[in-house]
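Enquirer: Just one file: entry-v4.cif, with mmCIF, C-alpha atoms and all ligand atoms.
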```
data_model
#
loop_
_atom_site.group_PDB
_atom_site.id
_atom_site.type_symbol
_atom_site.label_atom_id
_atom_site.label_comp_id
_atom_site.auth_asym_id
_atom_site.auth_seq_id
_atom_site.Cartn_x
_atom_site.Cartn_y
_atom_site.Cartn_z
ATOM 1 C CA MET A 29 2.927 100.865 112.649
ATOM 2 C CA GLU A 30 4.153 104.309 113.825
ATOM 3 C CA ASP A 31 6.841 102.437 115.766
ATOM 4 C CA ILE A 32 9.108 102.242 112.778
ATOM 5 C CA LEU A 33 9.018 106.014 112.274
ATOM 6 C CA GLU A 34 10.026 106.473 115.901
ATOM 7 C CA LYS A 35 12.907 104.018 115.445
ATOM 8 C CA LEU A 36 13.941 105.864 112.304
ATOM 9 C CA THR A 37 13.892 109.209 114.118
ATOM 10 C CA ILE A 38 16.198 107.745 116.754
ATOM 11 C CA VAL A 39 18.723 106.207 114.342
ATOM 12 C CA VAL A 40 18.942 109.466 112.360
ATOM 13 C CA LYS A 41 19.425 111.476 115.528
ATOM 14 C CA ARG A 42 22.008 108.958 116.821
ATOM 15 C CA GLY A 43 23.818 108.814 113.453
ATOM 16 C CA LYS A 44 23.323 105.120 112.723
ATOM 17 C CA ALA A 45 23.568 105.004 108.914
ATOM 18 C CA ASP A 46 23.131 101.286 108.305
ATOM 19 C CA LYS A 47 23.319 97.882 109.950
ATOM 20 C CA ASN A 48 27.052 97.468 109.233
ATOM 21 C CA SER A 49 27.958 100.840 110.692
ATOM 22 C CA PRO A 50 29.903 100.389 113.958
ATOM 23 C CA TYR A 51 28.640 103.787 115.188
ATOM 24 C CA PRO A 52 27.159 104.315 117.706
ATOM 25 C CA PRO A 53 28.634 101.295 119.527
ATOM 26 C CA ASP A 54 25.485 100.586 121.582
ATOM 27 C CA LEU A 55 23.441 100.120 118.375
ATOM 28 C CA LYS A 56 25.966 97.733 116.772
ATOM 29 C CA GLY A 57 24.255 95.095 114.627
ATOM 30 C CA GLN A 58 20.894 96.886 114.629
ATOM 31 C CA ASP A 59 19.141 98.280 111.583
ATOM 32 C CA GLY A 60 20.112 101.814 110.646
ATOM 33 C CA ALA A 61 18.528 104.626 108.636
ATOM 34 C CA ASP A 62 19.164 102.744 105.398
ATOM 35 C CA GLU A 63 17.246 99.578 106.340
ATOM 36 C CA LEU A 64 14.494 101.304 108.348
ATOM 37 C CA THR A 65 13.687 103.785 105.563
ATOM 38 C CA ALA A 66 13.390 100.961 103.043
ATOM 39 C CA GLU A 67 11.155 99.063 105.462
ATOM 40 C CA ALA A 68 8.924 102.056 106.251
ATOM 41 C CA LEU A 69 8.331 102.663 102.536
ATOM 42 C CA LYS A 70 7.611 98.970 102.024
ATOM 43 C CA MET A 71 5.069 99.131 104.871
ATOM 44 C CA GLY A 72 3.186 101.833 102.974
ATOM 45 C CA PHE A 73 4.278 105.090 104.599
ATOM 46 C CA THR A 74 4.519 107.785 101.941
ATOM 47 C CA PRO A 75 7.942 109.309 101.214
ATOM 48 C CA ASP A 76 6.647 112.587 102.638
ATOM 49 C CA GLU A 77 5.545 110.922 105.889
ATOM 50 C CA VAL A 78 8.924 109.220 106.250
ATOM 51 C CA LEU A 79 10.661 112.505 105.554
ATOM 52 C CA GLN A 80 8.648 114.747 107.845
ATOM 53 C CA LYS A 81 7.702 112.403 110.674
ATOM 54 C CA ALA A 82 11.067 110.670 110.999
ATOM 55 C CA LEU A 83 14.045 112.031 109.062
ATOM 56 C CA VAL A 84 13.571 115.790 109.450
ATOM 57 C CA LYS A 85 12.477 115.189 113.058
ATOM 58 C CA GLY A 86 15.719 113.298 113.780
ATOM 59 C CA MET A 87 17.769 116.166 112.350
ATOM 60 C CA ARG A 88 15.800 118.675 114.419
ATOM 61 C CA LEU A 89 16.439 116.684 117.606
ATOM 62 C CA ILE A 90 20.214 116.453 117.048
ATOM 63 C CA GLY A 91 20.171 120.213 116.361
ATOM 64 C CA GLU A 92 18.405 120.803 119.679
ATOM 65 C CA ASP A 93 20.993 118.676 121.496
ATOM 66 C CA PHE A 94 23.751 120.672 119.811
ATOM 67 C CA SER A 95 22.160 123.937 120.952
ATOM 68 C CA ALA A 96 21.928 122.576 124.501
ATOM 69 C CA GLY A 97 25.592 121.537 124.483
ATOM 70 C CA LYS A 98 24.616 117.844 124.657
ATOM 71 C CA ALA A 99 25.922 117.008 121.152
ATOM 72 C CA PHE A 100 28.879 118.244 119.142
ATOM 73 C CA VAL A 101 29.955 118.583 115.496
ATOM 74 C CA PRO A 102 31.009 114.906 115.083
ATOM 75 C CA GLU A 103 27.534 113.806 116.217
ATOM 76 C CA MET A 104 25.897 116.215 113.769
ATOM 77 C CA LEU A 105 28.111 114.799 111.007
ATOM 78 C CA MET A 106 27.062 111.237 111.832
ATOM 79 C CA ALA A 107 23.389 112.313 111.834
ATOM 80 C CA ALA A 108 23.926 113.882 108.404
ATOM 81 C CA LYS A 109 25.473 110.612 107.215
ATOM 82 C CA ALA A 110 22.446 108.666 108.459
ATOM 83 C CA MET A 111 20.118 111.178 106.777
ATOM 84 C CA LYS A 112 21.964 110.683 103.479
ATOM 85 C CA ALA A 113 21.672 106.897 103.760
ATOM 86 C CA ALA A 114 17.902 107.347 104.169
ATOM 87 C CA MET A 115 17.575 109.908 101.382
ATOM 88 C CA LYS A 116 18.765 107.499 98.716
ATOM 89 C CA HIS A 117 15.473 105.618 99.164
ATOM 90 C CA ILE A 118 13.374 108.797 99.127
ATOM 91 C CA GLU A 119 15.076 110.453 96.166
ATOM 92 C CA PRO A 120 13.589 108.274 93.378
ATOM 93 C CA PHE A 121 10.040 109.173 94.515
ATOM 94 C CA PHE A 122 10.664 112.897 94.344
ATOM 95 C CA LYS A 123 12.593 112.678 91.106
ATOM 96 C CA SER A 124 9.902 110.705 89.311
ATOM 97 C CA GLY A 125 7.866 113.813 88.451
ATOM 98 C CA SER A 126 6.749 114.888 85.001
ATOM 99 C CA VAL A 127 9.284 114.337 82.248
ATOM 100 C CA LYS A 128 8.851 117.566 80.287
ATOM 101 C CA GLN A 129 10.996 120.225 81.915
ATOM 102 C CA LYS A 130 9.418 123.564 82.763
ATOM 103 C CA GLY A 131 12.681 125.498 83.004
ATOM 104 C CA ALA A 132 15.982 125.467 84.827
ATOM 105 C CA VAL A 133 16.896 126.279 88.424
ATOM 106 C CA ILE A 134 20.479 126.811 89.562
ATOM 107 C CA MET A 135 20.750 125.725 93.191
ATOM 108 C CA GLY A 136 23.526 126.221 95.702
ATOM 109 C CA THR A 137 24.176 126.623 99.406
ATOM 110 C CA VAL A 138 25.714 130.030 99.846
ATOM 111 C CA GLN A 139 29.425 130.742 100.209
ATOM 112 C CA GLY A 140 30.902 129.692 103.557
ATOM 113 C CA ASP A 141 28.067 127.282 104.317
ATOM 114 C CA LEU A 142 28.576 123.513 104.187
ATOM 115 C CA HIS A 143 25.021 122.451 105.083
ATOM 116 C CA ASP A 144 23.602 120.710 102.037
ATOM 117 C CA ILE A 145 20.833 118.403 103.254
ATOM 118 C CA GLY A 146 18.012 120.961 103.003
ATOM 119 C CA LYS A 147 19.309 122.284 99.691
ATOM 120 C CA ASN A 148 19.519 118.727 98.308
ATOM 121 C CA LEU A 149 15.980 118.067 99.444
ATOM 122 C CA VAL A 150 14.637 121.242 97.833
ATOM 123 C CA ALA A 151 16.643 120.470 94.669
ATOM 124 C CA MET A 152 15.298 116.946 94.334
ATOM 125 C CA MET A 153 11.712 118.063 94.926
ATOM 126 C CA ILE A 154 12.026 120.866 92.365
ATOM 127 C CA GLU A 155 13.440 118.325 89.940
ATOM 128 C CA GLY A 156 10.538 116.011 90.715
ATOM 129 C CA ALA A 157 8.151 118.879 89.960
ATOM 130 C CA GLY A 158 9.487 118.969 86.404
ATOM 131 C CA TRP A 159 12.361 121.444 86.503
ATOM 132 C CA LYS A 160 15.932 120.932 85.379
ATOM 133 C CA VAL A 161 18.187 121.501 88.401
ATOM 134 C CA ILE A 162 21.790 122.577 88.095
ATOM 135 C CA ASP A 163 23.155 121.819 91.544
ATOM 136 C CA LEU A 164 26.296 123.768 92.406
ATOM 137 C CA GLY A 165 26.673 122.091 95.800
ATOM 138 C CA SER A 166 27.593 123.886 98.998
ATOM 139 C CA ASP A 167 29.937 126.848 99.684
ATOM 140 C CA THR A 168 28.859 128.450 96.397
ATOM 141 C CA SER A 169 30.493 131.729 95.432
ATOM 142 C CA TYR A 170 29.043 134.398 93.157
ATOM 143 C CA GLU A 171 31.535 133.314 90.475
ATOM 144 C CA LYS A 172 30.050 129.806 90.428
ATOM 145 C CA PHE A 173 26.500 131.177 90.105
ATOM 146 C CA GLU A 174 27.699 133.537 87.361
ATOM 147 C CA ALA A 175 29.361 130.714 85.399
ATOM 148 C CA ALA A 176 26.206 128.581 85.646
ATOM 149 C CA LEU A 177 24.073 131.552 84.561
ATOM 150 C CA LYS A 178 26.299 132.054 81.526
ATOM 151 C CA GLU A 179 25.490 128.488 80.482
ATOM 152 C CA ASN A 180 21.797 128.797 81.434
ATOM 153 C CA PRO A 181 20.868 132.488 80.998
ATOM 154 C CA ASP A 182 17.124 131.970 81.589
ATOM 155 C CA ALA A 183 17.568 129.936 84.745
ATOM 156 C CA ILE A 184 16.183 130.919 88.135
ATOM 157 C CA VAL A 185 18.700 131.034 90.975
ATOM 158 C CA GLY A 186 17.887 129.248 94.250
ATOM 159 C CA MET A 187 20.100 129.904 97.259
ATOM 160 C CA SER A 188 20.082 128.171 100.618
ATOM 161 C CA ALA A 189 21.719 129.127 103.952
ATOM 162 C CA LEU A 190 21.619 127.488 107.383
ATOM 163 C CA LEU A 191 23.846 129.833 109.347
ATOM 164 C CA THR A 192 23.165 133.364 110.491
ATOM 165 C CA THR A 193 26.816 134.045 109.648
ATOM 166 C CA THR A 194 26.498 132.889 106.023
ATOM 167 C CA MET A 195 23.004 134.084 105.136
ATOM 168 C CA VAL A 196 24.475 137.594 104.927
ATOM 169 C CA ASN A 197 26.579 136.400 101.966
ATOM 170 C CA MET A 198 23.336 136.072 100.017
ATOM 171 C CA LYS A 199 23.091 139.851 99.861
ATOM 172 C CA GLY A 200 26.292 140.406 97.883
ATOM 173 C CA ILE A 201 25.606 137.470 95.585
ATOM 174 C CA THR A 202 22.037 138.635 94.903
ATOM 175 C CA GLN A 203 23.179 142.194 94.226
ATOM 176 C CA LYS A 204 25.898 141.062 91.815
ATOM 177 C CA ILE A 205 23.487 138.748 89.992
ATOM 178 C CA LYS A 206 20.937 141.566 89.683
ATOM 179 C CA GLU A 207 23.601 144.023 88.436
ATOM 180 C CA LYS A 208 24.812 141.623 85.760
ATOM 181 C CA SER A 209 21.430 140.196 84.713
ATOM 182 C CA PRO A 210 18.546 142.210 86.210
ATOM 183 C CA LYS A 211 15.944 139.804 84.839
ATOM 184 C CA THR A 212 17.291 136.804 86.741
ATOM 185 C CA ILE A 213 14.918 135.691 89.468
ATOM 186 C CA VAL A 214 16.545 134.931 92.811
ATOM 187 C CA MET A 215 14.779 132.662 95.290
ATOM 188 C CA VAL A 216 16.104 132.117 98.811
ATOM 189 C CA GLY A 217 15.440 129.742 101.694
ATOM 190 C CA GLY A 218 16.895 128.079 104.772
ATOM 191 C CA ALA A 219 16.109 127.870 108.471
ATOM 192 C CA PRO A 220 17.423 131.277 109.662
ATOM 193 C CA LEU A 221 15.852 133.275 106.805
ATOM 194 C CA SER A 222 12.650 135.293 106.793
ATOM 195 C CA GLN A 223 10.539 137.294 104.388
ATOM 196 C CA ASP A 224 12.029 140.479 105.894
ATOM 197 C CA PHE A 225 15.540 139.281 105.167
ATOM 198 C CA CYS A 226 14.563 138.380 101.609
ATOM 199 C CA ASP A 227 13.174 141.897 101.097
ATOM 200 C CA GLN A 228 16.288 143.481 102.613
ATOM 201 C CA ILE A 229 18.700 141.705 100.258
ATOM 202 C CA GLY A 230 16.592 142.338 97.163
ATOM 203 C CA ALA A 231 15.780 138.695 96.408
ATOM 204 C CA ASP A 232 12.528 137.977 94.578
ATOM 205 C CA PHE A 233 11.095 135.196 96.670
ATOM 206 C CA TYR A 234 11.494 133.498 100.027
ATOM 207 C CA SER A 235 10.104 130.127 100.924
ATOM 208 C CA PRO A 236 10.498 128.348 104.261
ATOM 209 C CA ASP A 237 9.955 124.983 102.567
ATOM 210 C CA PRO A 238 10.307 123.117 99.254
ATOM 211 C CA GLN A 239 6.553 123.183 98.572
ATOM 212 C CA GLY A 240 6.457 126.993 98.617
ATOM 213 C CA ALA A 241 9.404 127.133 96.234
ATOM 214 C CA ILE A 242 7.700 124.724 93.836
ATOM 215 C CA GLU A 243 4.396 126.623 93.937
ATOM 216 C CA TYR A 244 6.234 129.857 93.146
ATOM 217 C CA LEU A 245 8.191 128.283 90.278
ATOM 218 C CA ASN A 246 5.076 126.716 88.812
ATOM 219 C CA LYS A 247 3.245 130.064 88.944
ATOM 220 C CA LEU A 248 6.064 131.589 86.902
ATOM 221 C CA VAL A 249 5.325 129.258 83.992
ATOM 222 C CA SER A 250 1.531 129.007 84.285
HETATM 223 CO CO1 LIG B 1 25.271 122.704 111.610
HETATM 224 N N1 LIG B 1 24.293 124.142 112.474
HETATM 225 N N2 LIG B 1 26.960 123.676 111.886
HETATM 226 N N3 LIG B 1 26.097 121.162 110.822
HETATM 227 N N4 LIG B 1 23.584 121.864 111.720
HETATM 228 C C1 LIG B 1 22.824 124.060 112.465
HETATM 229 C C2 LIG B 1 22.260 124.747 111.218
HETATM 230 C C3 LIG B 1 22.453 124.811 113.820
HETATM 231 C C4 LIG B 1 21.051 125.443 113.789
HETATM 232 C C5 LIG B 1 22.619 123.848 115.018
HETATM 233 C C6 LIG B 1 22.247 124.496 116.328
HETATM 234 O O1 LIG B 1 22.960 125.334 116.832
HETATM 235 N N5 LIG B 1 21.119 124.130 116.880
HETATM 236 C C7 LIG B 1 23.624 125.852 113.921
HETATM 237 C C8 LIG B 1 23.373 127.201 113.226
HETATM 238 C C9 LIG B 1 23.136 128.334 114.202
HETATM 239 C C10 LIG B 1 22.873 129.583 113.455
HETATM 240 O O2 LIG B 1 23.668 130.097 112.729
HETATM 241 N N6 LIG B 1 21.661 130.083 113.636
HETATM 242 C C11 LIG B 1 24.765 125.097 113.275
HETATM 243 C C12 LIG B 1 26.143 125.387 113.469
HETATM 244 C C13 LIG B 1 26.457 126.438 114.508
HETATM 245 C C14 LIG B 1 27.173 124.740 112.748
HETATM 246 C C15 LIG B 1 28.686 124.995 112.843
HETATM 247 C C16 LIG B 1 29.097 126.469 112.887
HETATM 248 C C17 LIG B 1 29.199 124.207 114.079
HETATM 249 C C18 LIG B 1 30.654 124.403 114.405
HETATM 250 O O3 LIG B 1 31.519 124.120 113.607
HETATM 251 N N7 LIG B 1 30.868 124.911 115.586
HETATM 252 C C19 LIG B 1 29.213 124.309 111.556
HETATM 253 C C20 LIG B 1 29.258 125.258 110.344
HETATM 254 C C21 LIG B 1 29.969 124.628 109.155
HETATM 255 C C22 LIG B 1 29.764 125.460 107.900
HETATM 256 O O4 LIG B 1 28.760 125.347 107.252
HETATM 257 N N8 LIG B 1 30.711 126.328 107.586
HETATM 258 C C23 LIG B 1 28.153 123.272 111.346
HETATM 259 C C24 LIG B 1 28.403 122.054 110.715
HETATM 260 C C25 LIG B 1 27.439 121.066 110.505
HETATM 261 C C26 LIG B 1 27.769 119.705 109.934
HETATM 262 C C27 LIG B 1 28.795 119.745 108.791
HETATM 263 C C28 LIG B 1 28.319 118.845 111.046
HETATM 264 C C29 LIG B 1 26.348 119.167 109.534
HETATM 265 C C30 LIG B 1 25.944 119.457 108.066
HETATM 266 C C31 LIG B 1 26.160 118.263 107.153
HETATM 267 C C32 LIG B 1 25.534 118.509 105.792
HETATM 268 O O5 LIG B 1 24.611 119.260 105.586
HETATM 269 N N9 LIG B 1 26.082 117.795 104.838
HETATM 270 C C33 LIG B 1 25.445 120.040 110.412
HETATM 271 C C34 LIG B 1 24.086 119.730 110.693
HETATM 272 C C35 LIG B 1 23.607 118.351 110.256
HETATM 273 C C36 LIG B 1 23.216 120.625 111.350
HETATM 274 C C37 LIG B 1 21.740 120.422 111.801
HETATM 275 C C38 LIG B 1 21.775 119.494 113.008
HETATM 276 C C39 LIG B 1 20.787 119.847 110.779
HETATM 277 C C40 LIG B 1 20.693 120.647 109.462
HETATM 278 C C41 LIG B 1 19.766 119.905 108.522
HETATM 279 O O6 LIG B 1 20.224 119.156 107.676
HETATM 280 N N10 LIG B 1 18.429 120.033 108.735
HETATM 281 C C42 LIG B 1 21.302 121.910 112.161
HETATM 282 C C43 LIG B 1 20.256 121.972 113.261
HETATM 283 C C44 LIG B 1 18.844 122.105 112.725
HETATM 284 O O7 LIG B 1 18.592 122.323 111.562
HETATM 285 N N11 LIG B 1 17.912 122.021 113.608
HETATM 286 C C45 LIG B 1 22.587 122.607 112.262
HETATM 287 C C46 LIG B 1 17.432 119.258 107.990
HETATM 288 C C47 LIG B 1 17.061 119.964 106.668
HETATM 289 C C48 LIG B 1 16.060 119.117 105.916
HETATM 290 O O8 LIG B 1 16.474 121.219 106.988
HETATM 291 O O9 LIG B 1 18.391 122.549 105.997
HETATM 292 O O10 LIG B 1 16.531 123.708 107.301
HETATM 293 P P1 LIG B 1 16.961 122.635 106.392
HETATM 294 O O11 LIG B 1 16.160 122.775 105.032
HETATM 295 C C49 LIG B 1 14.763 122.932 104.972
HETATM 296 C C50 LIG B 1 14.270 124.397 104.998
HETATM 297 O O12 LIG B 1 15.162 125.280 105.635
HETATM 298 C C51 LIG B 1 13.995 124.701 103.564
HETATM 299 O O13 LIG B 1 13.576 123.475 103.027
HETATM 300 C C52 LIG B 1 14.334 122.406 103.632
HETATM 301 C C53 LIG B 1 13.470 121.186 103.708
HETATM 302 O O14 LIG B 1 12.368 121.367 104.529
HETATM 303 N N12 LIG B 1 15.045 125.242 102.708
HETATM 304 C C54 LIG B 1 14.726 125.950 101.570
HETATM 305 C C55 LIG B 1 16.380 125.114 102.757
HETATM 306 N N13 LIG B 1 16.949 125.716 101.708
HETATM 307 C C56 LIG B 1 15.960 126.226 100.954
HETATM 308 C C57 LIG B 1 15.991 126.931 99.739
HETATM 309 C C58 LIG B 1 14.774 127.331 99.171
HETATM 310 C C59 LIG B 1 13.568 127.050 99.815
HETATM 311 C C60 LIG B 1 13.522 126.356 101.008
HETATM 312 O O15 LIG B 1 14.699 128.000 98.021
HETATM 313 C C61 LIG B 1 15.865 128.272 97.288
#
```
Translate this file's structure into structure tokens.
Expert:
Amino acid sequence: MEDILEKLTIVVKRGKADKNSPYPPDLKGQDGADELTAEALKMGFTPDEVLQKALVKGMRLIGEDFSAGKAFVPEMLMAAKAMKAAMKHIEPFFKSGSVKQKGAVIMGTVQGDLHDIGKNLVAMMIEGAGWKVIDLGSDTSYEKFEAALKENPDAIVGMSALLTTTMVNMKGITQKIKEKSPKTIVMVGGAPLSQDFCDQIGADFYSPDPQGAIEYLNKLVS
């Protein structure tokens, strides 16, 4: 049974999106992340198991190879492509939460940062938990957050960063948001962040994972 999760970890790490994908050449004709995710769900693994035990693990492994100089940006891009092919099967489960919306969350990966997989995951889980999500995508400037806040003045802002070089951009954006609308709640997350960093930049909440973000949001309306 667990075999399929191991296979899925490998195809994500190797960047094999689907059966028709010619990359990587040695896996030509074999099932990719698309087919294996569908199969794992059909076999009864929960979306969370598939996510944590296979997909996120595959991304972690390619990251480790990159750190060790054994993989490069093109390989990381292919892994991201495979992850996206898998996520389309997972997304409906997370988005099928309660219908009545509890409030709005404006989400974006911070300026200069193109990593959007974690942010997308957090966004879809927040949406599934009953919140309206306004997703501004990656490389999000203060101006984009400001424009979205103008349209949704009561919204909470959620910012993500994956690079030590871009997480610092959260400080300026948070400060400007707080100057313009002091009541706006700013929530931050992403692999290189910490509670200390959150405190330093004057954000209201830090969560290392989507669950923590959801718990915090739900407490705000309970
Ligand atoms: Co890049 N990359 N990357 N990359 N990349 C990392 C982040 C890195 C750790 C790899 C490594 O060195 N081991 C490293 C950063 C080092 C550092 O700064 N500390 C790195 C680097 C260096 C770079 C480039 C600079 C490489 C280069 O060009 N030389 C470059 C930067 C480009 C840019 O952004 N300007 C770059 C580029 C890329 C790709 C474009 C090729 C691709 C991204 C594709 C995409 O996202 N569409 C990519 C990838 C795929 C990765 C790794 C391998 C995987 C990231 C990922 O998707 N993780 C990554 C290595 C790694 O993470 N181990 C790496 C899975 C995802 C589910 O986790 O995003 O952490 P994560 O999200 C989590 C939590 O953090 C949390 O919940 C999520 C779900 O559990 N969370 C929140 C996230 N946001 C949150 C917000 C919240 C709450 C929780 O509230 C608001």
Enquirer: How close does each residue of stretch 115-174 of chain A get to stretch 218-226 of chain A, giving the shortest atom pair and distance in Å to one decimal for every residue with an atom at most 12 Å away, counting only C-alpha atoms, sorted by chain and residue number, as a Markdown table?
Expert:
```
| residue | atom | partner | partner_atom | distance |
| --- | --- | --- | --- | --- |
| A:Gly136 | CA | A:Gly218 | CA | 11.4 |
| A:Thr137 | CA | A:Gly218 | CA | 9.2 |
| A:Val138 | CA | A:Gly218 | CA | 10.3 |
| A:Asp141 | CA | A:Gly218 | CA | 11.2 |
| A:His143 | CA | A:Gly218 | CA | 9.9 |
| A:Asp144 | CA | A:Gly218 | CA | 10.3 |
| A:Ile145 | CA | A:Gly218 | CA | 10.6 |
| A:Gly146 | CA | A:Gly218 | CA | 7.4 |
| A:Lys147 | CA | A:Gly218 | CA | 8.1 |
| A:Asn148 | CA | A:Gly218 | CA | 11.7 |
| A:Leu149 | CA | A:Gly218 | CA | 11.4 |
| A:Val150 | CA | A:Gly218 | CA | 10.0 |
```
Enquirer: Counting only C-alpha atoms and all ligand atoms, what residues are within 6 Å of ligand LIG 1 (chain B), given as a tab-separated table (two decimals) with C-alpha atoms, keeping the file's coordinate frame?
Expert:
```tsv
chain	number	residue	atom	x	y	z
A	84	VAL	CA	13.57	115.79	109.45
A	87	MET	CA	17.77	116.17	112.35
A	88	ARG	CA	15.80	118.68	114.42
A	90	ILE	CA	20.21	116.45	117.05
A	91	GLY	CA	20.17	120.21	116.36
A	92	GLU	CA	18.40	120.80	119.68
A	94	PHE	CA	23.75	120.67	119.81
A	95	SER	CA	22.16	123.94	120.95
A	101	VAL	CA	29.96	118.58	115.50
A	104	MET	CA	25.90	116.22	113.77
A	105	LEU	CA	28.11	114.80	111.01
A	108	ALA	CA	23.93	113.88	108.40
A	140	GLY	CA	30.90	129.69	103.56
A	141	ASP	CA	28.07	127.28	104.32
A	142	LEU	CA	28.58	123.51	104.19
A	143	HIS	CA	25.02	122.45	105.08
A	144	ASP	CA	23.60	120.71	102.04
A	145	ILE	CA	20.83	118.40	103.25
A	146	GLY	CA	18.01	120.96	103.00
A	147	LYS	CA	19.31	122.28	99.69
A	149	LEU	CA	15.98	118.07	99.44
A	150	VAL	CA	14.64	121.24	97.83
A	186	GLY	CA	17.89	129.25	94.25
A	187	MET	CA	20.10	129.90	97.26
A	188	SER	CA	20.08	128.17	100.62
A	190	LEU	CA	21.62	127.49	107.38
A	191	LEU	CA	23.85	129.83	109.35
A	192	THR	CA	23.16	133.36	110.49
A	193	THR	CA	26.82	134.04	109.65
A	215	MET	CA	14.78	132.66	95.29
A	216	VAL	CA	16.10	132.12	98.81
A	217	GLY	CA	15.44	129.74	101.69
A	218	GLY	CA	16.90	128.08	104.77
A	219	ALA	CA	16.11	127.87	108.47
A	220	PRO	CA	17.42	131.28	109.66
A	235	SER	CA	10.10	130.13	100.92
A	236	PRO	CA	10.50	128.35	104.26
A	237	ASP	CA	9.96	124.98	102.57
A	238	PRO	CA	10.31	123.12	99.25
A	241	ALA	CA	9.40	127.13	96.23
```
Enquirer: For A:Ala82, please output as a PDB file with C-alpha atoms, keeping the file's coordinate frame all residues within 12 Å (counting all atoms listed in the file; exclusion window: fewer than 5 positions along the same chain).
Expert:
```
ATOM      1  CA  GLU A  30       4.153 104.309 113.825  1.00  0.00           C
ATOM      2  CA  ASP A  31       6.841 102.437 115.766  1.00  0.00           C
ATOM      3  CA  ILE A  32       9.108 102.242 112.778  1.00  0.00           C
ATOM      4  CA  LEU A  33       9.018 106.014 112.274  1.00  0.00           C
ATOM      5  CA  GLU A  34      10.026 106.473 115.901  1.00  0.00           C
ATOM      6  CA  LYS A  35      12.907 104.018 115.445  1.00  0.00           C
ATOM      7  CA  LEU A  36      13.941 105.864 112.304  1.00  0.00           C
ATOM      8  CA  THR A  37      13.892 109.209 114.118  1.00  0.00           C
ATOM      9  CA  ILE A  38      16.198 107.745 116.754  1.00  0.00           C
ATOM     10  CA  VAL A  39      18.723 106.207 114.342  1.00  0.00           C
ATOM     11  CA  VAL A  40      18.942 109.466 112.360  1.00  0.00           C
ATOM     12  CA  LYS A  41      19.425 111.476 115.528  1.00  0.00           C
ATOM     13  CA  ALA A  61      18.528 104.626 108.636  1.00  0.00           C
ATOM     14  CA  LEU A  64      14.494 101.304 108.348  1.00  0.00           C
ATOM     15  CA  THR A  65      13.687 103.785 105.563  1.00  0.00           C
ATOM     16  CA  ALA A  68       8.924 102.056 106.251  1.00  0.00           C
ATOM     17  CA  LEU A  69       8.331 102.663 102.536  1.00  0.00           C
ATOM     18  CA  PHE A  73       4.278 105.090 104.599  1.00  0.00           C
ATOM     19  CA  THR A  74       4.519 107.785 101.941  1.00  0.00           C
ATOM     20  CA  PRO A  75       7.942 109.309 101.214  1.00  0.00           C
ATOM     21  CA  ASP A  76       6.647 112.587 102.638  1.00  0.00           C
ATOM     22  CA  GLU A  77       5.545 110.922 105.889  1.00  0.00           C
ATOM     23  CA  MET A  87      17.769 116.166 112.350  1.00  0.00           C
ATOM     24  CA  ARG A  88      15.800 118.675 114.419  1.00  0.00           C
ATOM     25  CA  LEU A  89      16.439 116.684 117.606  1.00  0.00           C
ATOM     26  CA  ALA A 110      22.446 108.666 108.459  1.00  0.00           C
ATOM     27  CA  MET A 111      20.118 111.178 106.777  1.00  0.00           C
ATOM     28  CA  ALA A 114      17.902 107.347 104.169  1.00  0.00           C
ATOM     29  CA  MET A 115      17.575 109.908 101.382  1.00  0.00           C
TER      30      MET A 115
END
```
Enquirer: Using only C-alpha atoms, pick whichever of A:Leu83, A:Ala175, A:Ile213, A:Leu245 has the shortest atom-to-atom distance to A:Glu155.
Expert: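 Answer, going by the shortest atom-to-atom distance: A:Leu245.
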Enquirer: Name the closest residue to A:Glu63 among the candidates A:Asn48, A:Thr168, A:Gln129, A:Gln239; distances are taken between atoms, counting all atoms listed in the file.
Expert: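 Result for the nearest residue to A:Glu63: A:Asn48.
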Enquirer: May I ask which of the residues A:Lys116, A:Lys172, A:Lys199, A:Lys178 is the closest one to A:Leu79, counting only C-alpha atoms?
Expert: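 The shortest atom-to-atom distance to A:Leu79 comes from A:Lys116.
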Enquirer: Name the residues captured by the PyMOL selection byres (((chain A and resi 210-212) around 12) and not hetatm) when it is applied to the shown file; answer as a PyMOL selection string.
Expert: chain A and resi 132-134+173-174+177-178+180-186+202-209+213-215+230-233
Enquirer: To one decimal place, how far is atom CA of A:Ala189 from atom CA of A:Val78 in Å?
Expert: 23.8 Å
Enquirer: How many Å lie between atom CA of A:Gln58 and atom CA of A:Lys44, rounded to one decimal?
Expert: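 One can read the atom CA of A:Gln58 to atom CA of A:Lys44 distance as 8.8 Å.
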Enquirer: Have a look at atom CA of A:Ala45 and atom CA of A:Ala113 and let me know their distance in Å, one decimal.
Expert: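 Answer for the atom CA of A:Ala45 to atom CA of A:Ala113 separation: 5.8 Å.
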Enquirer: Box for stretch 32-45 of chain A - axis-aligned, 4 Å on each of the six sides, all listed atoms - centre and size in Å to one decimal, as AutoDock Vina command-line options.
Expert:
```
--center_x 16.4 --center_y 106.9 --center_z 112.9 --size_x 22.8 --size_y 17.2 --size_z 15.9
```
Enquirer: Choose the residue, out of A:Gly72, A:Ser169, A:Arg42, A:Lys160, that has the smallest atom-to-atom separation from A:Leu55; count only C-alpha atoms.
Expert: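 Using only C-alpha atoms, the shortest distance to A:Leu55 belongs to A:Arg42.
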Enquirer: Starting from the displayed file, determine the output of the PyMOL selection byres (((chain A and resi 47) around 7) and not hetatm) and express the residue list as a VMD selection string.
Expert: chain A and resid 46 48 to 49 57 to 60
